[in-house]
>>> print(open('entry_29.pdb').read())   # PDB, C-alpha atoms and all ligand atoms
ATOM      1  CA  MET F   1     -12.646 -20.782   5.167
ATOM      2  CA  ASN F   2     -12.223 -17.178   4.009
ATOM      3  CA  SER F   3     -10.638 -16.014   7.213
ATOM      4  CA  GLU F   4      -7.042 -15.251   6.210
ATOM      5  CA  GLN F   5      -6.390 -15.688   9.908
ATOM      6  CA  PRO F   6      -4.505 -18.821  10.865
ATOM      7  CA  GLY F   7      -5.711 -18.399  14.425
ATOM      8  CA  GLU F   8      -3.605 -18.506  17.509
ATOM      9  CA  GLN F   9      -2.405 -22.098  17.586
ATOM     10  CA  PRO F  10       1.128 -22.404  18.928
ATOM     11  CA  GLY F  11       3.780 -22.707  16.255
ATOM     12  CA  LYS F  12       1.634 -21.146  13.544
ATOM     13  CA  PRO F  13       2.526 -17.764  12.058
ATOM     14  CA  ILE F  14       0.435 -15.020  13.600
ATOM     15  CA  GLY F  15      -2.835 -13.782  12.113
ATOM     16  CA  ARG F  16      -3.864 -10.219  11.513
ATOM     17  CA  ARG F  17      -5.659  -9.969  14.835
ATOM     18  CA  VAL F  18      -2.418 -10.748  16.645
ATOM     19  CA  LEU F  19      -0.564  -8.261  14.473
ATOM     20  CA  LEU F  20      -2.980  -5.562  15.586
ATOM     21  CA  GLY F  21      -2.305  -6.617  19.162
ATOM     22  CA  THR F  22       1.442  -6.310  18.732
ATOM     23  CA  LEU F  23       0.913  -2.743  17.593
ATOM     24  CA  GLY F  24      -1.044  -1.959  20.740
ATOM     25  CA  LEU F  25      -4.317  -1.617  18.841
ATOM     26  CA  GLY F  26      -5.809  -5.023  19.537
ATOM     27  CA  ALA F  27      -9.144  -4.049  21.020
ATOM     28  CA  LEU F  28      -9.705  -1.341  18.430
ATOM     29  CA  GLY F  29      -8.808  -3.729  15.600
ATOM     30  CA  VAL F  30     -11.314  -6.314  16.733
ATOM     31  CA  VAL F  31     -14.318  -4.111  17.478
ATOM     32  CA  ALA F  32     -13.858  -1.329  14.911
ATOM     33  CA  ALA F  33     -16.715  -0.648  12.503
ATOM     34  CA  PRO F  34     -15.915  -1.207   8.809
ATOM     35  CA  THR F  35     -15.242   2.470   8.012
ATOM     36  CA  LEU F  36     -13.054   2.916  11.061
ATOM     37  CA  GLN F  37     -11.346  -0.367  10.200
ATOM     38  CA  ARG F  38     -10.449   1.018   6.788
ATOM     39  CA  GLY F  39      -8.832   4.058   8.350
ATOM     40  CA  LEU F  40      -7.028   1.864  10.822
ATOM     41  CA  GLU F  41      -5.696  -0.354   8.091
ATOM     42  CA  ALA F  42      -4.521   2.623   6.059
ATOM     43  CA  PHE F  43      -2.778   3.828   9.202
ATOM     44  CA  LEU F  44      -1.195   0.441   9.792
ATOM     45  CA  GLY F  45       0.029   0.327   6.208
ATOM     46  CA  SER F  46       1.779   3.654   6.584
ATOM     47  CA  ALA F  47       2.988   2.825  10.089
ATOM     48  CA  ALA F  48       4.628  -0.269   8.638
ATOM     49  CA  ASP F  49       6.304   1.959   6.055
ATOM     50  CA  LYS F  50       7.766   4.040   8.897
ATOM     51  CA  ASP F  51       7.135   7.167   6.873
ATOM     52  CA  PRO F  52       9.778   9.635   8.072
ATOM     53  CA  THR F  53       7.624  12.701   7.411
ATOM     54  CA  GLY F  54       4.892  11.387   9.689
ATOM     55  CA  LEU F  55       2.474  13.246   7.435
ATOM     56  CA  THR F  56       1.184  10.884   4.772
ATOM     57  CA  GLY F  57      -0.093   8.497   7.436
ATOM     58  CA  LEU F  58      -2.698  11.081   8.406
ATOM     59  CA  LEU F  59      -4.035  11.461   4.875
ATOM     60  CA  PRO F  60      -6.894   9.256   3.640
ATOM     61  CA  ASN F  61      -4.627   7.664   1.046
ATOM     62  CA  GLY F  62      -4.828   3.992   1.952
ATOM     63  CA  GLY F  63      -6.771   3.600  -1.273
ATOM     64  CA  GLY F  64      -8.954   0.792   0.054
ATOM     65  CA  PHE F  65      -6.157  -1.722   0.529
ATOM     66  CA  ARG F  66      -5.803  -3.763   3.711
ATOM     67  CA  TYR F  67      -2.371  -4.547   5.058
ATOM     68  CA  TYR F  68      -1.770  -8.312   5.211
ATOM     69  CA  SER F  69       1.141 -10.291   6.533
ATOM     70  CA  VAL F  70       1.261 -13.772   8.022
ATOM     71  CA  THR F  71       4.377 -12.917  10.035
ATOM     72  CA  SER F  72       4.775 -10.398  12.857
ATOM     73  CA  SER F  73       7.687  -8.640  11.183
ATOM     74  CA  VAL F  74       9.300  -8.585   7.763
ATOM     75  CA  PRO F  75      12.847  -7.418   7.017
ATOM     76  CA  HIS F  76      13.105  -4.250   4.967
ATOM     77  CA  LYS F  77      14.854  -4.592   1.633
ATOM     78  CA  ASP F  78      15.837  -1.955  -0.902
ATOM     79  CA  ALA F  79      18.048  -1.424  -3.976
ATOM     80  CA  GLN F  80      21.126  -2.094  -1.797
ATOM     81  CA  ASN F  81      20.227  -5.578  -0.625
ATOM     82  CA  TYR F  82      17.190  -6.872  -2.569
ATOM     83  CA  GLN F  83      17.704 -10.076  -4.567
ATOM     84  CA  LEU F  84      15.359 -12.240  -6.622
ATOM     85  CA  LYS F  85      16.570 -15.765  -7.300
ATOM     86  CA  ILE F  86      15.270 -17.847 -10.220
ATOM     87  CA  ASP F  87      16.161 -21.517 -10.007
ATOM     88  CA  GLY F  88      14.787 -25.048 -10.206
ATOM     89  CA  LEU F  89      14.123 -26.681 -13.583
ATOM     90  CA  VAL F  90      15.891 -24.012 -15.636
ATOM     91  CA  SER F  91      19.074 -24.146 -17.684
ATOM     92  CA  ARG F  92      20.229 -20.629 -16.647
ATOM     93  CA  PRO F  93      19.500 -19.971 -12.951
ATOM     94  CA  ARG F  94      20.072 -16.333 -12.033
ATOM     95  CA  THR F  95      19.875 -13.819  -9.237
ATOM     96  CA  TYR F  96      18.478 -10.390 -10.138
ATOM     97  CA  THR F  97      19.072  -7.161  -8.256
ATOM     98  CA  LEU F  98      16.483  -4.401  -8.238
ATOM     99  CA  ALA F  99      18.597  -2.499 -10.787
ATOM    100  CA  ASP F 100      18.627  -5.591 -13.032
ATOM    101  CA  LEU F 101      14.825  -5.804 -12.897
ATOM    102  CA  ARG F 102      14.401  -2.060 -13.508
ATOM    103  CA  ALA F 103      16.586  -2.327 -16.621
ATOM    104  CA  LEU F 104      14.213  -4.839 -18.272
ATOM    105  CA  PRO F 105      11.149  -3.873 -20.368
ATOM    106  CA  GLN F 106       8.271  -2.843 -18.067
ATOM    107  CA  THR F 107       4.564  -3.590 -18.574
ATOM    108  CA  ARG F 108       1.844  -1.447 -16.940
ATOM    109  CA  LEU F 109      -1.617  -2.899 -16.282
ATOM    110  CA  VAL F 110      -4.621  -1.154 -14.721
ATOM    111  CA  LYS F 111      -7.244  -3.516 -13.304
ATOM    112  CA  ASP F 112      -9.374  -4.085 -10.228
ATOM    113  CA  VAL F 113      -7.870  -5.919  -7.260
ATOM    114  CA  GLN F 114     -10.107  -8.486  -5.529
ATOM    115  CA  CYS F 115      -9.386 -10.108  -2.168
ATOM    116  CA  VAL F 116     -11.101 -13.400  -1.457
ATOM    117  CA  THR F 117     -12.506 -11.937   1.790
ATOM    118  CA  GLY F 118     -14.610  -9.554  -0.299
ATOM    119  CA  TRP F 119     -12.874  -6.199  -0.568
ATOM    120  CA  ARG F 120     -12.136  -4.859  -4.031
ATOM    121  CA  VAL F 121     -10.091  -1.868  -5.146
ATOM    122  CA  PRO F 122     -10.890  -0.530  -8.642
ATOM    123  CA  ASP F 123      -8.445   0.447 -11.372
ATOM    124  CA  THR F 124      -5.120  -0.134  -9.651
ATOM    125  CA  PRO F 125      -1.994   0.351 -11.766
ATOM    126  CA  PHE F 126       0.734  -2.293 -11.437
ATOM    127  CA  GLU F 127       3.989  -2.098 -13.379
ATOM    128  CA  GLY F 128       6.881  -4.482 -13.716
ATOM    129  CA  VAL F 129       8.554  -7.240 -15.693
ATOM    130  CA  ARG F 130       6.443  -9.961 -17.257
ATOM    131  CA  LEU F 131       7.077 -13.221 -15.426
ATOM    132  CA  SER F 132       7.123 -14.919 -18.855
ATOM    133  CA  ALA F 133      10.173 -12.823 -19.820
ATOM    134  CA  LEU F 134      12.079 -13.964 -16.727
ATOM    135  CA  LEU F 135      11.100 -17.592 -17.399
ATOM    136  CA  ASP F 136      12.227 -17.328 -21.024
ATOM    137  CA  ALA F 137      15.548 -15.820 -19.935
ATOM    138  CA  ALA F 138      16.025 -18.668 -17.446
ATOM    139  CA  GLY F 139      15.353 -21.381 -20.032
ATOM    140  CA  VAL F 140      12.616 -23.600 -18.594
ATOM    141  CA  THR F 141      13.461 -27.282 -19.103
ATOM    142  CA  ALA F 142      11.188 -29.924 -20.654
ATOM    143  CA  LYS F 143      10.079 -31.512 -17.360
ATOM    144  CA  ALA F 144       8.829 -28.218 -15.918
ATOM    145  CA  GLY F 145       5.119 -27.811 -15.211
ATOM    146  CA  ALA F 146       4.761 -25.205 -12.477
ATOM    147  CA  VAL F 147       6.332 -22.314 -10.607
ATOM    148  CA  ARG F 148       6.710 -21.851  -6.856
ATOM    149  CA  PHE F 149       7.163 -18.413  -5.327
ATOM    150  CA  SER F 150       8.869 -17.686  -2.017
ATOM    151  CA  CYS F 151       9.040 -14.530   0.052
ATOM    152  CA  PHE F 152      11.592 -12.869   2.321
ATOM    153  CA  ASP F 153       9.065 -12.766   5.150
ATOM    154  CA  GLY F 154      10.200 -16.387   5.503
ATOM    155  CA  ALA F 155       6.703 -17.886   5.562
ATOM    156  CA  TYR F 156       4.465 -17.035   2.612
ATOM    157  CA  THR F 157       4.515 -19.116  -0.554
ATOM    158  CA  GLU F 158       2.457 -19.241  -3.739
ATOM    159  CA  SER F 159       2.376 -21.224  -6.951
ATOM    160  CA  LEU F 160       1.079 -21.189 -10.508
ATOM    161  CA  THR F 161       1.039 -23.693 -13.324
ATOM    162  CA  LEU F 162       3.576 -22.858 -16.028
ATOM    163  CA  GLU F 163       0.730 -22.004 -18.384
ATOM    164  CA  GLN F 164      -0.740 -19.546 -15.865
ATOM    165  CA  ALA F 165       2.710 -18.103 -15.105
ATOM    166  CA  ARG F 166       3.273 -17.354 -18.795
ATOM    167  CA  ARG F 167       0.134 -15.217 -19.131
ATOM    168  CA  PRO F 168       0.886 -11.630 -20.192
ATOM    169  CA  ASP F 169      -1.097 -10.296 -17.195
ATOM    170  CA  VAL F 170       1.242 -11.866 -14.624
ATOM    171  CA  LEU F 171       4.014  -9.499 -13.518
ATOM    172  CA  VAL F 172       6.970  -9.358 -11.213
ATOM    173  CA  ALA F 173       5.815  -5.936 -10.075
ATOM    174  CA  LEU F 174       8.113  -3.069  -9.058
ATOM    175  CA  ARG F 175       5.403  -0.379  -8.959
ATOM    176  CA  MET F 176       1.830  -0.217  -7.673
ATOM    177  CA  GLN F 177      -0.473   2.820  -7.768
ATOM    178  CA  ASP F 178       2.211   4.485  -9.949
ATOM    179  CA  LYS F 179       4.736   4.474  -7.100
ATOM    180  CA  ASP F 180       7.613   2.167  -6.238
ATOM    181  CA  ILE F 181       6.032  -0.553  -4.092
ATOM    182  CA  GLY F 182       6.444   0.371  -0.414
ATOM    183  CA  HIS F 183       7.289  -2.118   2.291
ATOM    184  CA  SER F 184       3.700  -2.574   3.510
ATOM    185  CA  HIS F 185       2.472  -3.541   0.021
ATOM    186  CA  GLY F 186       5.271  -6.097  -0.372
ATOM    187  CA  GLY F 187       8.030  -3.926  -1.811
ATOM    188  CA  PRO F 188      10.419  -3.585  -3.310
ATOM    189  CA  VAL F 189       9.070  -6.443  -5.478
ATOM    190  CA  ARG F 190       5.823  -8.404  -5.317
ATOM    191  CA  LEU F 191       4.125 -10.799  -7.669
ATOM    192  CA  TYR F 192       0.997  -9.514  -9.469
ATOM    193  CA  VAL F 193      -1.408 -12.110 -10.852
ATOM    194  CA  ALA F 194      -4.126  -9.940 -12.402
ATOM    195  CA  PRO F 195      -6.828 -12.570 -13.090
ATOM    196  CA  MET F 196      -6.644 -14.245  -9.672
ATOM    197  CA  TYR F 197      -7.636 -13.439  -6.094
ATOM    198  CA  PHE F 198      -5.078 -11.152  -4.496
ATOM    199  CA  TYR F 199      -3.633 -13.904  -2.285
ATOM    200  CA  LYS F 200      -1.780 -15.091  -5.413
ATOM    201  CA  SER F 201       0.058 -11.770  -5.558
ATOM    202  CA  ALA F 202       2.818 -12.729  -3.133
ATOM    203  CA  LYS F 203       4.412  -9.776  -1.338
ATOM    204  CA  TRP F 204       8.167  -9.456  -0.596
ATOM    205  CA  LEU F 205       9.023 -11.801  -3.493
ATOM    206  CA  SER F 206      12.462 -13.384  -3.171
ATOM    207  CA  GLY F 207      12.350 -16.649  -5.090
ATOM    208  CA  ILE F 208      10.930 -18.117  -8.300
ATOM    209  CA  THR F 209      11.518 -21.859  -8.526
ATOM    210  CA  VAL F 210      10.443 -23.844 -11.565
ATOM    211  CA  THR F 211       9.055 -27.231 -10.477
ATOM    212  CA  GLU F 212       7.435 -30.288 -12.033
ATOM    213  CA  ASP F 213       4.093 -29.967 -10.279
ATOM    214  CA  VAL F 214       2.120 -27.268  -8.474
ATOM    215  CA  GLU F 215       2.925 -27.065  -4.770
ATOM    216  CA  PRO F 216      -0.010 -25.424  -2.990
ATOM    217  CA  GLY F 217       0.837 -22.115  -1.297
ATOM    218  CA  TYR F 218       0.368 -20.795   2.227
ATOM    219  CA  TRP F 219      -3.376 -20.118   2.075
ATOM    220  CA  GLU F 220      -3.994 -23.067  -0.237
ATOM    221  CA  ASP F 221      -2.668 -25.369   2.495
ATOM    222  CA  ARG F 222      -5.352 -23.712   4.654
ATOM    223  CA  GLY F 223      -8.256 -24.260   2.280
ATOM    224  CA  TYR F 224      -8.126 -21.707  -0.529
ATOM    225  CA  ASP F 225      -8.368 -22.853  -4.149
ATOM    226  CA  VAL F 226      -5.090 -23.443  -6.006
ATOM    227  CA  ASP F 227      -6.634 -22.169  -9.259
ATOM    228  CA  ALA F 228      -7.700 -18.811  -7.870
ATOM    229  CA  TRP F 229      -9.532 -17.212 -10.825
ATOM    230  CA  VAL F 230     -11.570 -14.228  -9.672
ATOM    231  CA  GLY F 231     -15.256 -15.117  -9.914
ATOM    232  CA  LYS F 232     -14.636 -18.794 -10.702
ATOM    233  CA  SER F 233     -13.099 -20.163  -7.509
ATOM    234  CA  ASN F 234     -13.414 -20.187  -3.735
ATOM    235  CA  GLY F 235     -17.199 -20.399  -4.094
ATOM    236  CA  ARG F 236     -17.386 -16.721  -5.086
ATOM    237  CA  ASP F 237     -19.004 -14.966  -8.037
ATOM    238  CA  ASP F 238     -17.080 -11.669  -8.214
ATOM    239  CA  GLU F 239     -16.740  -9.842 -11.525
ATOM    240  CA  PRO F 240     -13.495 -11.085 -13.211
ATOM    241  CA  THR F 241     -10.517  -8.739 -12.918
ATOM    242  CA  SER F 242      -8.653  -9.613 -16.106
TER     243      SER F 242
HETATM  244  N1  LIG F 301       4.105 -12.419   1.630
HETATM  245  C1  LIG F 301       2.773 -12.250   1.698
HETATM  246  N2  LIG F 301       2.099 -11.988   0.548
HETATM  247  C2  LIG F 301       0.756 -11.819   0.587
HETATM  248  C3  LIG F 301       0.014 -11.937   1.787
HETATM  249  C4  LIG F 301       0.748 -12.200   2.976
HETATM  250  O1  LIG F 301       0.178 -12.308   4.085
HETATM  251  N3  LIG F 301       2.125 -12.345   2.894
HETATM  252  N4  LIG F 301      -1.355 -11.807   1.786
HETATM  253  C5  LIG F 301      -2.041 -11.972   0.501
HETATM  254  C6  LIG F 301      -3.422 -11.512   0.546
HETATM  255  S1  LIG F 301      -4.590 -12.571   1.183
HETATM  256  C7  LIG F 301      -3.792 -10.305   0.039
HETATM  257  S2  LIG F 301      -5.397  -9.835  -0.050
HETATM  258  C8  LIG F 301      -2.765  -9.345  -0.460
HETATM  259  C9  LIG F 301      -2.827  -8.051   0.312
HETATM  260  O2  LIG F 301      -1.929  -7.119  -0.229
HETATM  261  P1  LIG F 301      -1.747  -5.701   0.481
HETATM  262  O3  LIG F 301      -1.221  -5.962   1.870
HETATM  263  O4  LIG F 301      -0.797  -4.947  -0.396
HETATM  264  O5  LIG F 301      -3.115  -5.043   0.527
HETATM  265  O6  LIG F 301      -1.436  -9.843  -0.351
HETATM  266  C10 LIG F 301      -1.305 -11.236  -0.608
HETATM  267  N5  LIG F 301       0.106 -11.545  -0.603
HETATM  268 MO    MO F 302      -6.662 -11.630   0.433
END
>>> encode(input="entry_29.pdb", output="structure tokens")
Amino acid sequence: MNSEQPGEQPGKPIGRRVLLGTLGLGALGVVAAPTLQRGLEAFLGSAADKDPTGLTGLLPNGGGFRYYSVTSSVPHKDAQNYQLKIDGLVSRPRTYTLADLRALPQTRLVKDVQCVTGWRVPDTPFEGVRLSALLDAAGVTAKAGAVRFSCFDGAYTESLTLEQARRPDVLVALRMQDKDIGHSHGGPVRLYVAPMYFYKSAKWLSGITVTEDVEPGYWEDRGYDVDAWVGKSNGRDDEPTS
């Protein structure tokens, strides 16, 4: 089930193969050898950023990451219009701007990133606000047992148990690779769940809803494990990341 491609059924969000097609690179995307594929994905990442200099896209700076989205396009958000809403089973629901999040204490972690499809990127810095701090500020009520995450791509969701969400290595990340997170990596704000497969690290984060029970996320509805510990789930034996 480790495809991360929902296929081309009508009514389903598009998969990566279709995304490549929409960019006019379909054939290349499908047949490219792994090394070429890496270059292509670095290019796609920077193309999605619409880099105005047109220069960085030519540099081999993709850093090993693949660009993933389950939708064909995602609105761009920045300090002017980004909002993160925390609601559900909390006594103090709140909407944060990017400036609000930047004003809170920041935590920087440097760990490997592991995708469930097999690729791994070593020693990647992530920096942001501990999710536990936002939950404490919101005042989680007694009935609460889990957290659901939503995204402004309008399709992707994720979830954690409250215990997992309160781990110190789970961040609402504003920076990745020591830069503000660009659009293609889920900026301006993505979730970062260090000990779990990278599908937990929801890009374009827009909502944190405290719930009673875990509601399986986008890929979990399509077969991935809900408890996504690196090396102890999804039938894989990767080295743990955190
Ligand atoms: N909103 C959203 N978040 C997402 C995904 C996605 O398709 N949409 N893909 C997930 C998967 S499977 C991976 S491996 C990583 C990829 O992050 P990257 O595009 O920054 O490399 O994002 C995760 N978060
Ligand atoms: Mo992934």
>>> residues_near_ligand(input="entry_29.pdb", ligand="ligand LIG 301 (chain F)", cutoff="6 Å", atoms="all atoms listed in the file", output="NGL selection string")
:F and (65-70 or 115 or 151 or 156 or 185 or 198-199 or 201-204)
>>> closest_residue(input="entry_29.pdb", among="F:Asp78, F:Glu215, F:Asp178, F:Glu220", to="ligand MO 302 (chain F)", atoms="only C-alpha atoms and all ligand atoms")
F:Glu220
>>> atom_distance(input="entry_29.pdb", atom1="atom CA of F:Lys143", atom2="atom CA of F:Leu160")
15.3 Å
>>> closest_residue(input="entry_29.pdb", among="F:Ala165, F:Val214, F:Val193, F:Val230", to="F:Leu109", atoms="all atoms listed in the file")
F:Val193
>>> closest_residue(input="entry_29.pdb", among="F:Arg120, F:His183, F:Arg222, F:Arg175", to="ligand MO 302 (chain F)", atoms="all atoms listed in the file")
F:Arg120
>>> resolve_selection(input="entry_29.pdb", expression="the PyMOL selection byres (((chain F and resi 141) around 7) and not hetatm)", output="list in words")
Leu89, Val90, Ser91, Gly139, Val140, Ala142, Lys143 and Ala144 of chain F
>>> resolve_selection(input="entry_29.pdb", expression="the PyMOL selection byres (((chain F and resi 93) around 12) and not hetatm)", output="list in words")
Leu84, Lys85, Ile86, Asp87, Gly88, Leu89, Val90, Ser91, Arg92, Arg94, Thr95, Tyr96, Leu134, Leu135, Asp136, Ala137, Ala138, Gly139, Val140, Thr141, Gly207, Ile208, Thr209 and Val210 of chain F
>>> decode(input="entry_29.pdb", residues="stretch 72-174 of chain F", atoms="C-alpha atoms", output="PDB file, in the first residue's frame")
ATOM      1  CA  SER F  72      -3.384  19.864  -8.028  1.00  0.00           C
ATOM      2  CA  SER F  73      -2.961  23.343  -6.585  1.00  0.00           C
ATOM      3  CA  VAL F  74      -2.635  24.905  -3.156  1.00  0.00           C
ATOM      4  CA  PRO F  75      -3.312  28.558  -2.323  1.00  0.00           C
ATOM      5  CA  HIS F  76      -0.275  30.573  -1.313  1.00  0.00           C
ATOM      6  CA  LYS F  77      -0.360  32.031   2.173  1.00  0.00           C
ATOM      7  CA  ASP F  78       2.041  34.398   3.900  1.00  0.00           C
ATOM      8  CA  ALA F  79       2.319  36.700   6.941  1.00  0.00           C
ATOM      9  CA  GLN F  80      -0.524  38.829   5.506  1.00  0.00           C
ATOM     10  CA  ASN F  81      -3.190  36.149   5.333  1.00  0.00           C
ATOM     11  CA  TYR F  82      -1.995  32.993   7.145  1.00  0.00           C
ATOM     12  CA  GLN F  83      -4.134  31.813  10.069  1.00  0.00           C
ATOM     13  CA  LEU F  84      -3.948  28.780  12.344  1.00  0.00           C
ATOM     14  CA  LYS F  85      -7.137  27.950  14.215  1.00  0.00           C
ATOM     15  CA  ILE F  86      -7.145  25.885  17.422  1.00  0.00           C
ATOM     16  CA  ASP F  87     -10.574  24.664  18.454  1.00  0.00           C
ATOM     17  CA  GLY F  88     -12.580  21.626  19.523  1.00  0.00           C
ATOM     18  CA  LEU F  89     -12.416  20.362  23.113  1.00  0.00           C
ATOM     19  CA  VAL F  90     -10.556  23.383  24.483  1.00  0.00           C
ATOM     20  CA  SER F  91     -11.643  26.098  26.888  1.00  0.00           C
ATOM     21  CA  ARG F  92      -9.810  28.901  25.002  1.00  0.00           C
ATOM     22  CA  PRO F  93     -10.124  28.454  21.217  1.00  0.00           C
ATOM     23  CA  ARG F  94      -7.852  30.836  19.328  1.00  0.00           C
ATOM     24  CA  THR F  95      -6.683  31.875  15.903  1.00  0.00           C
ATOM     25  CA  TYR F  96      -2.957  32.575  15.525  1.00  0.00           C
ATOM     26  CA  THR F  97      -1.335  34.710  12.854  1.00  0.00           C
ATOM     27  CA  LEU F  98       2.182  34.001  11.649  1.00  0.00           C
ATOM     28  CA  ALA F  99       3.419  36.929  13.766  1.00  0.00           C
ATOM     29  CA  ASP F 100       1.700  35.413  16.823  1.00  0.00           C
ATOM     30  CA  LEU F 101       3.464  32.085  16.244  1.00  0.00           C
ATOM     31  CA  ARG F 102       6.839  33.761  15.629  1.00  0.00           C
ATOM     32  CA  ALA F 103       6.513  35.616  18.944  1.00  0.00           C
ATOM     33  CA  LEU F 104       6.306  32.354  20.939  1.00  0.00           C
ATOM     34  CA  PRO F 105       9.348  30.391  22.207  1.00  0.00           C
ATOM     35  CA  GLN F 106      10.902  28.399  19.333  1.00  0.00           C
ATOM     36  CA  THR F 107      12.405  24.899  19.534  1.00  0.00           C
ATOM     37  CA  ARG F 108      14.973  23.669  16.973  1.00  0.00           C
ATOM     38  CA  LEU F 109      15.411  19.940  16.322  1.00  0.00           C
ATOM     39  CA  VAL F 110      17.837  18.262  13.913  1.00  0.00           C
ATOM     40  CA  LYS F 111      16.872  14.714  12.934  1.00  0.00           C
ATOM     41  CA  ASP F 112      16.520  12.460   9.914  1.00  0.00           C
ATOM     42  CA  VAL F 113      13.319  12.600   7.874  1.00  0.00           C
ATOM     43  CA  GLN F 114      11.888   9.253   6.714  1.00  0.00           C
ATOM     44  CA  CYS F 115       9.132   8.825   4.133  1.00  0.00           C
ATOM     45  CA  VAL F 116       7.193   5.583   4.225  1.00  0.00           C
ATOM     46  CA  THR F 117       8.012   5.018   0.528  1.00  0.00           C
ATOM     47  CA  GLY F 118      11.671   4.622   1.492  1.00  0.00           C
ATOM     48  CA  TRP F 119      13.504   7.894   0.966  1.00  0.00           C
ATOM     49  CA  ARG F 120      15.313   9.407   3.928  1.00  0.00           C
ATOM     50  CA  VAL F 121      16.976  12.787   4.352  1.00  0.00           C
ATOM     51  CA  PRO F 122      19.593  13.003   7.136  1.00  0.00           C
ATOM     52  CA  ASP F 123      19.989  15.725   9.749  1.00  0.00           C
ATOM     53  CA  THR F 124      17.238  18.132   8.754  1.00  0.00           C
ATOM     54  CA  PRO F 125      16.689  21.135  11.027  1.00  0.00           C
ATOM     55  CA  PHE F 126      13.078  22.005  11.887  1.00  0.00           C
ATOM     56  CA  GLU F 127      12.177  24.952  14.103  1.00  0.00           C
ATOM     57  CA  GLY F 128       8.904  26.132  15.536  1.00  0.00           C
ATOM     58  CA  VAL F 129       6.507  26.168  18.463  1.00  0.00           C
ATOM     59  CA  ARG F 130       5.971  23.010  20.475  1.00  0.00           C
ATOM     60  CA  LEU F 131       2.469  21.710  19.820  1.00  0.00           C
ATOM     61  CA  SER F 132       2.230  21.012  23.575  1.00  0.00           C
ATOM     62  CA  ALA F 133       2.615  24.753  24.266  1.00  0.00           C
ATOM     63  CA  LEU F 134      -0.290  25.596  21.952  1.00  0.00           C
ATOM     64  CA  LEU F 135      -2.423  22.864  23.551  1.00  0.00           C
ATOM     65  CA  ASP F 136      -1.612  24.137  27.044  1.00  0.00           C
ATOM     66  CA  ALA F 137      -2.504  27.690  26.012  1.00  0.00           C
ATOM     67  CA  ALA F 138      -5.816  26.445  24.591  1.00  0.00           C
ATOM     68  CA  GLY F 139      -6.759  24.556  27.760  1.00  0.00           C
ATOM     69  CA  VAL F 140      -7.558  20.989  26.703  1.00  0.00           C
ATOM     70  CA  THR F 141     -10.736  19.758  28.412  1.00  0.00           C
ATOM     71  CA  ALA F 142     -11.130  16.505  30.366  1.00  0.00           C
ATOM     72  CA  LYS F 143     -12.886  14.556  27.588  1.00  0.00           C
ATOM     73  CA  ALA F 144     -10.111  15.191  25.060  1.00  0.00           C
ATOM     74  CA  GLY F 145      -8.094  12.244  23.766  1.00  0.00           C
ATOM     75  CA  ALA F 146      -6.749  13.199  20.350  1.00  0.00           C
ATOM     76  CA  VAL F 147      -5.898  15.977  17.925  1.00  0.00           C
ATOM     77  CA  ARG F 148      -6.959  16.356  14.298  1.00  0.00           C
ATOM     78  CA  PHE F 149      -4.984  18.501  11.876  1.00  0.00           C
ATOM     79  CA  SER F 150      -6.382  20.162   8.765  1.00  0.00           C
ATOM     80  CA  CYS F 151      -4.660  21.891   5.882  1.00  0.00           C
ATOM     81  CA  PHE F 152      -5.421  24.818   3.586  1.00  0.00           C
ATOM     82  CA  ASP F 153      -4.954  22.601   0.543  1.00  0.00           C
ATOM     83  CA  GLY F 154      -8.516  21.604   1.460  1.00  0.00           C
ATOM     84  CA  ALA F 155      -7.900  17.850   1.382  1.00  0.00           C
ATOM     85  CA  TYR F 156      -5.099  16.565   3.603  1.00  0.00           C
ATOM     86  CA  THR F 157      -5.728  15.652   7.226  1.00  0.00           C
ATOM     87  CA  GLU F 158      -3.713  14.008   9.988  1.00  0.00           C
ATOM     88  CA  SER F 159      -4.182  13.040  13.608  1.00  0.00           C
ATOM     89  CA  LEU F 160      -2.314  12.143  16.777  1.00  0.00           C
ATOM     90  CA  THR F 161      -3.344  10.911  20.185  1.00  0.00           C
ATOM     91  CA  LEU F 162      -3.117  13.633  22.829  1.00  0.00           C
ATOM     92  CA  GLU F 163      -0.192  11.807  24.405  1.00  0.00           C
ATOM     93  CA  GLN F 164       1.686  11.756  21.085  1.00  0.00           C
ATOM     94  CA  ALA F 165       0.782  15.399  20.400  1.00  0.00           C
ATOM     95  CA  ARG F 166       2.290  16.459  23.732  1.00  0.00           C
ATOM     96  CA  ARG F 167       5.718  14.971  22.975  1.00  0.00           C
ATOM     97  CA  PRO F 168       8.504  17.577  22.993  1.00  0.00           C
ATOM     98  CA  ASP F 169       9.604  16.468  19.492  1.00  0.00           C
ATOM     99  CA  VAL F 170       6.307  17.473  17.860  1.00  0.00           C
ATOM    100  CA  LEU F 171       6.371  21.022  16.477  1.00  0.00           C
ATOM    101  CA  VAL F 172       4.190  23.475  14.662  1.00  0.00           C
ATOM    102  CA  ALA F 173       7.117  24.274  12.396  1.00  0.00           C
ATOM    103  CA  LEU F 174       7.851  27.695  10.882  1.00  0.00           C
TER     104      LEU F 174
END
